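**Student:** I'm passing along coords.tsv; it holds TSV, C-alpha atoms and all ligand atoms.
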chain	number	residue	atom	x	y	z
U	266	MET	CA	80.68	-24.90	-136.96
U	267	PRO	CA	79.69	-21.29	-137.69
U	268	LYS	CA	77.59	-20.55	-140.73
U	269	ASP	CA	79.92	-20.35	-143.68
U	270	LYS	CA	78.89	-18.68	-146.89
U	271	TRP	CA	81.55	-20.51	-148.87
U	272	MET	CA	80.15	-23.97	-148.21
U	273	THR	CA	76.87	-25.82	-147.80
U	274	LYS	CA	75.81	-26.88	-144.30
U	275	GLU	CA	77.52	-29.82	-142.69
U	276	VAL	CA	75.69	-33.12	-143.28
U	277	THR	CA	74.33	-34.20	-139.91
U	278	THR	CA	71.52	-36.54	-140.91
U	279	PRO	CA	72.17	-40.25	-141.51
U	280	TYR	CA	70.86	-39.76	-145.08
U	281	GLY	CA	72.57	-38.25	-148.08
U	282	VAL	CA	75.16	-39.18	-150.65
U	283	SER	CA	78.24	-40.44	-148.89
U	284	LEU	CA	80.71	-39.01	-151.43
U	285	TRP	CA	79.42	-35.47	-150.78
U	286	ARG	CA	79.46	-36.16	-147.05
U	287	SER	CA	83.16	-37.10	-147.26
U	288	ILE	CA	84.00	-34.03	-149.33
U	289	ARG	CA	82.08	-31.86	-146.88
U	290	ASN	CA	84.05	-33.31	-143.97
U	291	LEU	CA	87.30	-32.18	-145.62
U	292	TRP	CA	86.05	-28.60	-145.92
U	293	ASP	CA	88.21	-27.25	-143.12
U	294	GLU	CA	91.28	-28.61	-144.87
U	295	VAL	CA	90.24	-26.97	-148.16
U	296	LYS	CA	89.46	-23.71	-146.41
U	297	ASN	CA	92.81	-23.61	-144.61
U	298	ASN	CA	94.53	-23.71	-147.99
U	299	SER	CA	92.31	-21.08	-149.58
U	300	LYS	CA	92.23	-17.30	-149.77
U	301	VAL	CA	89.31	-15.07	-150.65
U	302	LYS	CA	89.85	-12.62	-153.51
U	303	VAL	CA	87.78	-9.59	-152.62
U	304	PHE	CA	85.85	-7.78	-155.36
U	305	TYR	CA	82.53	-6.30	-154.21
U	306	GLY	CA	83.13	-7.41	-150.60
U	307	ARG	CA	79.60	-8.57	-149.84
U	308	LYS	CA	80.47	-12.21	-149.40
U	309	THR	CA	83.70	-11.75	-147.43
U	310	MET	CA	83.52	-11.41	-143.64
U	311	ILE	CA	86.32	-9.11	-142.58
U	312	TRP	CA	87.17	-11.00	-139.38
U	313	LYS	CA	86.25	-14.55	-140.25
U	314	ASP	CA	87.40	-15.08	-143.84
U	315	ASN	CA	90.92	-15.57	-144.96
U	316	TRP	CA	91.27	-12.61	-147.33
U	317	HIS	CA	94.18	-10.60	-145.91
U	318	GLU	CA	97.70	-11.52	-147.07
U	319	LYS	CA	98.86	-11.80	-143.43
U	320	GLY	CA	96.12	-14.28	-142.52
U	321	ASN	CA	92.85	-14.47	-140.64
U	322	LEU	CA	92.32	-11.18	-138.78
U	323	GLU	CA	90.39	-12.71	-135.89
U	324	GLU	CA	93.35	-14.99	-135.19
U	325	LEU	CA	95.98	-12.27	-135.71
U	326	PHE	CA	94.18	-9.69	-133.54
U	327	PRO	CA	91.90	-11.60	-131.12
U	328	ASP	CA	92.09	-8.72	-128.61
U	329	VAL	CA	90.98	-6.12	-131.18
U	330	TYR	CA	88.28	-8.50	-132.44
U	331	ASN	CA	86.83	-8.57	-128.93
U	332	LEU	CA	86.63	-4.79	-128.89
U	333	VAL	CA	84.76	-4.18	-132.15
U	334	THR	CA	81.00	-4.00	-132.43
U	335	PHE	CA	80.39	-5.64	-135.77
U	336	GLN	CA	82.22	-8.97	-135.53
U	337	GLN	CA	80.20	-10.68	-138.25
U	338	GLY	CA	80.53	-7.71	-140.64
U	339	PHE	CA	81.28	-8.05	-144.33
U	340	ILE	CA	83.97	-5.96	-145.99
U	341	ALA	CA	81.32	-4.05	-147.97
U	342	ASP	CA	79.68	-2.98	-144.68
U	343	LEU	CA	82.87	-1.62	-143.16
U	344	TRP	CA	84.63	-0.08	-146.14
U	345	THR	CA	83.58	3.44	-147.11
U	346	LEU	CA	84.93	5.90	-149.63
U	347	GLN	CA	86.82	7.50	-146.73
U	348	GLY	CA	88.38	4.19	-145.71
U	349	TRP	CA	87.61	1.69	-142.94
U	350	ASN	CA	84.87	2.45	-140.49
U	351	PHE	CA	85.27	0.38	-137.32
U	352	ASN	CA	83.29	1.02	-134.16
U	353	PHE	CA	84.36	-0.11	-130.71
U	354	ARG	CA	82.18	-1.33	-127.85
U	355	ARG	CA	83.73	1.12	-125.41
U	356	HIS	CA	86.55	3.65	-125.00
U	357	LEU	CA	89.94	2.08	-125.47
U	358	ASN	CA	92.28	1.66	-122.53
U	359	ASP	CA	95.81	3.02	-122.87
U	360	TRP	CA	97.32	-0.42	-123.32
U	361	GLU	CA	94.86	-1.28	-126.11
U	362	VAL	CA	95.59	1.75	-128.28
U	363	GLN	CA	98.84	0.37	-129.71
U	364	ARG	CA	97.22	-2.94	-130.68
U	365	VAL	CA	94.35	-1.17	-132.41
U	366	ALA	CA	96.89	1.03	-134.23
U	367	ASP	CA	98.78	-2.11	-135.34
U	368	PHE	CA	95.53	-3.59	-136.59
U	369	LEU	CA	94.61	-0.44	-138.52
U	370	ASN	CA	98.06	-0.32	-140.09
U	371	THR	CA	97.61	-3.94	-141.18
U	372	VAL	CA	94.28	-3.37	-142.93
U	373	GLU	CA	95.20	0.11	-144.22
U	374	PRO	CA	96.74	-0.96	-147.58
U	375	PHE	CA	93.38	-2.31	-148.85
U	376	ASN	CA	92.82	-1.36	-152.51
U	377	GLY	CA	89.08	-0.78	-152.24
U	378	LEU	CA	86.10	-2.58	-153.69
U	379	GLN	CA	85.68	-3.53	-157.32
U	380	THR	CA	82.86	-4.90	-159.42
U	381	GLY	CA	82.44	-8.66	-159.48
U	382	LYS	CA	81.72	-11.36	-156.93
U	383	ASP	CA	84.25	-12.32	-154.24
U	384	VAL	CA	85.83	-15.66	-155.09
U	385	LEU	CA	87.45	-18.40	-153.06
U	386	TRP	CA	90.94	-19.03	-154.41
U	387	TRP	CA	92.66	-22.29	-153.54
U	388	THR	CA	96.34	-21.65	-152.78
U	389	GLY	CA	97.47	-25.23	-153.37
U	390	ASN	CA	98.36	-24.46	-157.00
U	391	ASN	CA	98.74	-21.43	-159.30
U	392	ARG	CA	95.33	-21.74	-160.92
U	393	GLY	CA	93.32	-21.35	-157.72
U	394	VAL	CA	91.28	-24.44	-158.55
U	395	TYR	CA	91.02	-27.30	-156.05
U	396	GLU	CA	92.91	-30.44	-157.03
U	397	VAL	CA	92.53	-33.67	-155.07
U	398	SER	CA	96.04	-35.03	-155.68
U	399	ARG	CA	97.73	-31.77	-154.65
U	400	ALA	CA	95.46	-31.42	-151.60
U	401	TYR	CA	96.41	-34.92	-150.50
U	402	LYS	CA	100.12	-34.05	-150.75
U	403	LEU	CA	99.62	-30.87	-148.70
U	404	MET	CA	97.80	-32.78	-145.96
U	405	ASP	CA	100.50	-35.40	-145.97
U	406	GLN	CA	103.28	-32.80	-145.64
U	407	LYS	CA	101.50	-31.26	-142.68
U	408	ASN	CA	101.21	-34.59	-140.89
U	409	GLN	CA	104.79	-35.43	-141.82
U	410	GLN	CA	106.15	-32.49	-139.82
U	411	ILE	CA	105.06	-34.04	-136.55
U	412	LYS	CA	105.31	-37.60	-137.84
U	413	ASN	CA	109.11	-37.33	-137.84
U	414	TRP	CA	109.17	-37.00	-134.08
U	415	PRO	CA	109.67	-40.41	-132.45
U	416	TRP	CA	106.28	-40.55	-130.76
U	417	LYS	CA	106.60	-44.26	-130.27
U	418	GLN	CA	109.66	-43.89	-128.08
U	419	ILE	CA	107.99	-41.11	-126.14
U	420	TRP	CA	104.87	-43.20	-125.54
U	421	LYS	CA	106.97	-46.24	-124.75
U	422	SER	CA	109.15	-44.46	-122.22
U	423	ARG	CA	107.52	-44.30	-118.89
U	424	ILE	CA	106.90	-40.61	-118.76
U	425	PRO	CA	103.40	-39.97	-117.46
U	426	TYR	CA	100.71	-40.40	-120.07
U	427	LYS	CA	99.40	-36.90	-119.39
U	428	VAL	CA	102.85	-35.47	-120.24
U	429	SER	CA	102.94	-37.35	-123.55
U	430	CYS	CA	99.48	-36.00	-124.37
U	431	PHE	CA	100.61	-32.53	-123.36
U	432	VAL	CA	103.67	-32.64	-125.66
U	433	ARG	CA	101.47	-33.76	-128.50
U	434	LEU	CA	99.09	-30.85	-127.88
U	435	LEU	CA	102.06	-28.49	-127.82
U	436	ALA	CA	103.25	-29.77	-131.19
U	437	LYS	CA	99.82	-28.98	-132.56
U	438	GLU	CA	99.93	-25.58	-130.76
U	439	ALA	CA	96.67	-26.41	-129.04
U	440	THR	CA	97.44	-25.94	-125.33
U	441	LEU	CA	95.39	-23.43	-123.39
U	442	THR	CA	97.89	-20.61	-123.47
U	443	GLN	CA	96.31	-17.18	-123.67
U	444	ASP	CA	96.49	-16.92	-127.47
U	445	ASN	CA	94.37	-20.07	-127.78
U	446	VAL	CA	91.99	-19.03	-125.01
U	447	MET	CA	91.39	-15.74	-126.81
U	448	LYS	CA	90.63	-17.56	-130.06
U	449	ARG	CA	87.66	-18.97	-128.17
U	450	GLY	CA	86.36	-15.45	-127.71
U	451	ILE	CA	87.46	-14.82	-124.10
U	452	THR	CA	89.15	-11.47	-123.54
U	453	LEU	CA	92.36	-11.50	-121.54
U	454	CYS	CA	95.19	-9.10	-120.99
U	455	SER	CA	97.61	-11.43	-122.67
U	456	ARG	CA	101.05	-11.08	-121.10
U	457	CYS	CA	103.54	-13.89	-120.70
U	458	PHE	CA	103.41	-14.93	-117.04
U	459	LEU	CA	107.14	-15.66	-116.97
U	460	CYS	CA	108.78	-12.61	-118.53
U	461	GLY	CA	105.79	-10.23	-118.64
U	462	GLU	CA	107.22	-8.67	-121.77
U	463	THR	CA	105.14	-9.92	-124.66
U	464	LEU	CA	102.01	-11.81	-125.69
U	465	GLU	CA	101.73	-15.33	-124.36
U	466	THR	CA	101.67	-17.67	-127.32
U	467	VAL	CA	102.56	-21.38	-127.37
U	468	ASN	CA	105.79	-20.75	-129.25
U	469	HIS	CA	106.81	-17.84	-127.05
U	470	LEU	CA	106.12	-19.57	-123.73
U	471	PHE	CA	107.80	-22.86	-124.55
U	472	LEU	CA	110.59	-21.80	-126.93
U	473	HIS	CA	111.47	-18.12	-127.06
U	474	CYS	CA	110.68	-16.67	-123.63
U	475	LYS	CA	113.93	-15.52	-122.00
U	476	TYR	CA	112.90	-17.39	-118.85
U	477	THR	CA	112.38	-20.68	-120.74
U	478	GLN	CA	115.61	-20.18	-122.67
U	479	GLN	CA	117.52	-20.54	-119.42
U	480	LEU	CA	116.20	-24.09	-119.07
U	481	TRP	CA	117.22	-25.02	-122.60
U	482	ARG	CA	120.66	-23.59	-121.93
U	483	ILE	CA	121.26	-25.99	-119.01
U	484	PHE	CA	121.43	-28.90	-121.44
U	485	LEU	CA	122.89	-27.11	-124.43
U	486	SER	CA	125.77	-25.57	-122.55
U	487	HIS	CA	126.36	-28.83	-120.68
U	488	ARG	CA	126.86	-30.59	-124.02
U	489	GLY	CA	128.55	-27.54	-125.62
U	490	ILE	CA	126.02	-27.56	-128.44
U	491	SER	CA	125.10	-24.38	-130.26
U	492	TRP	CA	121.48	-24.70	-131.28
U	493	THR	CA	119.27	-22.18	-133.05
U	494	MET	CA	115.81	-22.21	-131.57
U	495	PRO	CA	113.28	-22.93	-134.33
U	496	GLY	CA	110.08	-20.92	-134.68
U	497	LYS	CA	107.60	-23.64	-133.76
U	498	VAL	CA	107.30	-26.43	-131.22
U	499	SER	CA	106.89	-29.11	-133.89
U	500	GLU	CA	110.11	-27.92	-135.58
U	501	ALA	CA	111.90	-27.77	-132.23
U	502	LEU	CA	111.06	-31.44	-131.59
U	503	LYS	CA	112.50	-32.45	-134.93
U	504	SER	CA	115.58	-30.28	-134.60
U	505	TRP	CA	116.20	-31.50	-131.02
U	506	GLU	CA	116.17	-35.08	-132.26
U	507	GLU	CA	118.75	-34.18	-134.93
U	508	ALA	CA	120.92	-32.39	-132.38
U	509	GLY	CA	120.77	-35.56	-130.27
U	510	VAL	CA	122.74	-37.61	-132.80
U	511	LEU	CA	125.82	-36.86	-130.73
U	512	ALA	CA	124.16	-37.51	-127.38
U	513	LYS	CA	125.51	-40.46	-125.46
U	514	ASP	CA	122.07	-41.69	-124.56
U	515	LYS	CA	119.41	-40.81	-127.13
U	516	GLY	CA	116.59	-42.18	-124.99
U	517	ARG	CA	117.40	-39.70	-122.25
U	518	TRP	CA	118.13	-36.87	-124.67
U	519	ARG	CA	114.68	-37.02	-126.19
U	520	LEU	CA	113.01	-36.70	-122.77
U	521	ILE	CA	114.58	-33.25	-122.27
U	522	PRO	CA	112.04	-31.11	-124.21
U	523	ALA	CA	109.15	-32.74	-122.33
U	524	SER	CA	110.86	-32.12	-118.97
U	525	ILE	CA	111.47	-28.44	-119.84
U	526	TRP	CA	107.93	-27.93	-121.09
U	527	TRP	CA	106.31	-29.68	-118.16
U	528	ALA	CA	108.35	-27.65	-115.64
U	529	ILE	CA	107.52	-24.41	-117.50
U	530	TRP	CA	103.83	-25.27	-117.75
U	531	LYS	CA	103.64	-26.05	-114.02
U	532	GLU	CA	105.35	-22.76	-113.18
U	533	ARG	CA	103.15	-20.81	-115.56
U	534	ASN	CA	100.00	-22.32	-114.02
U	535	SER	CA	101.27	-21.71	-110.50
U	536	ARG	CA	101.72	-18.00	-111.38
U	537	CYS	CA	98.44	-17.79	-113.30
U	538	PHE	CA	96.11	-19.64	-110.92
U	539	GLU	CA	97.78	-19.51	-107.50
U	540	SER	CA	99.83	-16.31	-107.76
U	541	ILE	CA	102.90	-18.22	-106.56
U	542	GLU	CA	106.18	-17.32	-108.28
U	543	ASN	CA	109.21	-19.56	-108.05
U	544	SER	CA	112.70	-18.40	-108.94
U	545	VAL	CA	114.21	-19.57	-112.19
U	546	GLN	CA	116.76	-21.58	-110.15
U	547	LYS	CA	113.95	-23.54	-108.53
U	548	VAL	CA	112.26	-24.21	-111.88
U	549	LYS	CA	115.60	-25.35	-113.35
U	550	LEU	CA	115.99	-27.76	-110.47
U	551	ASN	CA	112.42	-29.04	-110.92
U	552	CYS	CA	113.17	-29.66	-114.57
U	553	ILE	CA	116.36	-31.62	-113.85
U	554	LEU	CA	114.70	-33.65	-111.08
U	555	LEU	CA	111.82	-34.48	-113.38
U	556	LEU	CA	114.23	-35.62	-116.06
U	557	CYS	CA	116.12	-37.83	-113.57
U	558	PHE	CA	112.89	-39.30	-112.29
U	559	TRP	CA	111.80	-40.22	-115.83
U	560	CYS	CA	115.26	-41.57	-116.67
U	561	ASN	CA	115.08	-43.85	-113.65
U	562	GLN	CA	111.73	-45.11	-114.84
U	563	LEU	CA	113.09	-45.59	-118.34
U	564	TYR	CA	115.64	-48.14	-117.12
U	565	SER	CA	113.86	-49.45	-114.08
U	566	ASN	CA	116.72	-51.58	-112.75
U	567	ASP	CA	119.33	-48.90	-113.14
U	568	ILE	CA	119.11	-46.13	-110.53
U	569	VAL	CA	120.97	-43.05	-111.71
U	570	SER	CA	121.91	-39.85	-109.98
U	571	ILE	CA	121.52	-36.34	-111.33
U	572	ILE	CA	125.22	-36.26	-112.19
U	573	ASP	CA	124.91	-39.58	-114.07
U	574	VAL	CA	121.98	-38.29	-116.05
U	575	LEU	CA	123.63	-35.03	-117.02
U	576	ASP	CA	126.83	-36.86	-117.90
U	577	SER	CA	125.03	-39.35	-120.08
U	578	ILE	CA	123.12	-36.97	-122.31
Y	1	ZN	ZN	107.90	-14.75	-121.71
Could you show the structure in this file as structure tokens?
Ligand SMILES: [Zn+2]
**Tutor:**
Amino acid sequence: MPKDKWMTKEVTTPYGVSLWRSIRNLWDEVKNNSKVKVFYGRKTMIWKDNWHEKGNLEELFPDVYNLVTFQQGFIADLWTLQGWNFNFRRHLNDWEVQRVADFLNTVEPFNGLQTGKDVLWWTGNNRGVYEVSRAYKLMDQKNQQIKNWPWKQIWKSRIPYKVSCFVRLLAKEATLTQDNVMKRGITLCSRCFLCGETLETVNHLFLHCKYTQQLWRIFLSHRGISWTMPGKVSEALKSWEEAGVLAKDKGRWRLIPASIWWAIWKERNSRCFESIENSVQKVKLNCILLLCFWCNQLYSNDIVSIIDVLDSI
């Protein structure tokens, strides 16, 4: 864990008071629900701390973060009477200029420094003061979002274990798409490998990419369902389950997102690592075949054809 001015060091020795150790272990949870209120700016790291209303700047602009020279800088070091003073490691390429401009527009409305120490403000309540009962509720709500998805059925069905793990990672938005790779400090020219039109993020690649949308449409138009694609994978899982109330076979219905995501992930990796591009028709077929294969494993004594599977969902 990087050095964090807002908290004492993590307890790594076997000694020490266990209550403090437990509180210390929950620090990430506290920090995720906190904002820094900037006064004199000497305690707030511009890239690392959560002070901007839009969120953590390193996570919002990982590409710009990789270009600046003073990544560990405090606000007081970078703010001058003339405004922000960022330096870059090298000349910007044409395609980077727009991103840097977006970044500068985001930090532009800063009100300037004031007297007084920067303070950590907990956003769980209106008073900014940490409260155990409220924090517990927030943590519970977060877990609940994914808890609603019928993991048990997914684990029980005989889809490959690695696919179940993959879906779970997706729901936590932790797969190694380019947005997550860049959060680890590796610079990439982050374009979606399927449409080439926008940044590759988990939610774009698996939900909103126009290429991926064509796979969702196979099943939606087959069932004549109009479905609004949610913003996040975890919400999509929940909403898909609700849409499946009318499905003839719920067990098969709930395998569909995994079959779409696995087919998309395979295609994305084939383009990324092997430079092999398949047509969308081929990927659609892969997705349907995968679903049929899993359906056949789901009811091992009942061999079904593609037509049977599509008719039964
Ligand atoms: Zn795309």
**Student:** Tell me which of U:Leu325, U:Ile578, U:Leu346, U:Val301 sits closest to Lys515 (chain U), counting all atoms listed in the file.
**Tutor:**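 Among U:Leu325, U:Ile578, U:Leu346, U:Val301, it is U:Ile578 that comes nearest to Lys515 (chain U).
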**Student:** What is the distance, in Å and to one decimal place, between CA of Ile541 (chain U) and CA of Pro522 (chain U)?
**Tutor:**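 CA of Ile541 (chain U) sits 23.7 Å away from CA of Pro522 (chain U).
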**Student:** Using all atoms listed in the file, which protein or nucleic acid residues are at most 6 Å from ligand ZN 1 (chain Y), as a list in words?
**Tutor:**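 Result of the 6 Å neighbour search around ligand ZN 1 (chain Y): Cys457, Leu459, Cys460, Gly461, Leu470 and Cys474 of chain U.
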**Student:** Would you list the residues near (92.3, -11.2, -143.8) (no more than 12 Å away, in the coordinates of the file, using only C-alpha atoms) as a PyMOL selection string?
**Tutor:** chain U and resi 299-303+309-326+339-340+368+371-375
**Student:** Quick one: distance from CA of Leu464 (chain U) to CA of Arg519 (chain U) in Å, one decimal?
**Tutor:**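 Between CA of Leu464 (chain U) and CA of Arg519 (chain U) the gap is 28.2 Å.
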**Student:** For Val545 (chain U), which of U:Tyr476, U:Trp349, U:Phe458, U:Phe484 is the closest residue, counting only C-alpha atoms?
**Tutor:** U:Tyr476
**Student:** Taking (111.9, -24.1, -133.6) as a centre in this file's frame and 12 Å as the limit, can you find every polymer residue with an atom that close, using all atoms listed in the file, and give them as a PDB file with C-alpha atoms, in the coordinates of the input?
**Tutor:**
ATOM      1  CA  GLN U 410     106.150 -32.490-139.820  1.00  0.00           C
ATOM      2  CA  ALA U 436     103.250 -29.770-131.190  1.00  0.00           C
ATOM      3  CA  VAL U 467     102.560 -21.380-127.370  1.00  0.00           C
ATOM      4  CA  ASN U 468     105.790 -20.750-129.250  1.00  0.00           C
ATOM      5  CA  HIS U 469     106.810 -17.840-127.050  1.00  0.00           C
ATOM      6  CA  PHE U 471     107.800 -22.860-124.550  1.00  0.00           C
ATOM      7  CA  LEU U 472     110.590 -21.800-126.930  1.00  0.00           C
ATOM      8  CA  HIS U 473     111.470 -18.120-127.060  1.00  0.00           C
ATOM      9  CA  TRP U 492     121.480 -24.700-131.280  1.00  0.00           C
ATOM     10  CA  THR U 493     119.270 -22.180-133.050  1.00  0.00           C
ATOM     11  CA  MET U 494     115.810 -22.210-131.570  1.00  0.00           C
ATOM     12  CA  PRO U 495     113.280 -22.930-134.330  1.00  0.00           C
ATOM     13  CA  GLY U 496     110.080 -20.920-134.680  1.00  0.00           C
ATOM     14  CA  LYS U 497     107.600 -23.640-133.760  1.00  0.00           C
ATOM     15  CA  VAL U 498     107.300 -26.430-131.220  1.00  0.00           C
ATOM     16  CA  SER U 499     106.890 -29.110-133.890  1.00  0.00           C
ATOM     17  CA  GLU U 500     110.110 -27.920-135.580  1.00  0.00           C
ATOM     18  CA  ALA U 501     111.900 -27.770-132.230  1.00  0.00           C
ATOM     19  CA  LEU U 502     111.060 -31.440-131.590  1.00  0.00           C
ATOM     20  CA  LYS U 503     112.500 -32.450-134.930  1.00  0.00           C
ATOM     21  CA  SER U 504     115.580 -30.280-134.600  1.00  0.00           C
ATOM     22  CA  TRP U 505     116.200 -31.500-131.020  1.00  0.00           C
ATOM     23  CA  GLU U 506     116.170 -35.080-132.260  1.00  0.00           C
ATOM     24  CA  PRO U 522     112.040 -31.110-124.210  1.00  0.00           C
TER      25      PRO U 522
END
**Student:** Just the number, please: distance in Å from CA of Ile571 (chain U) to CA of Cys430 (chain U), one decimal.
**Tutor:**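 According to the coordinates, CA of Ile571 (chain U) and CA of Cys430 (chain U) are separated by 25.6 Å.
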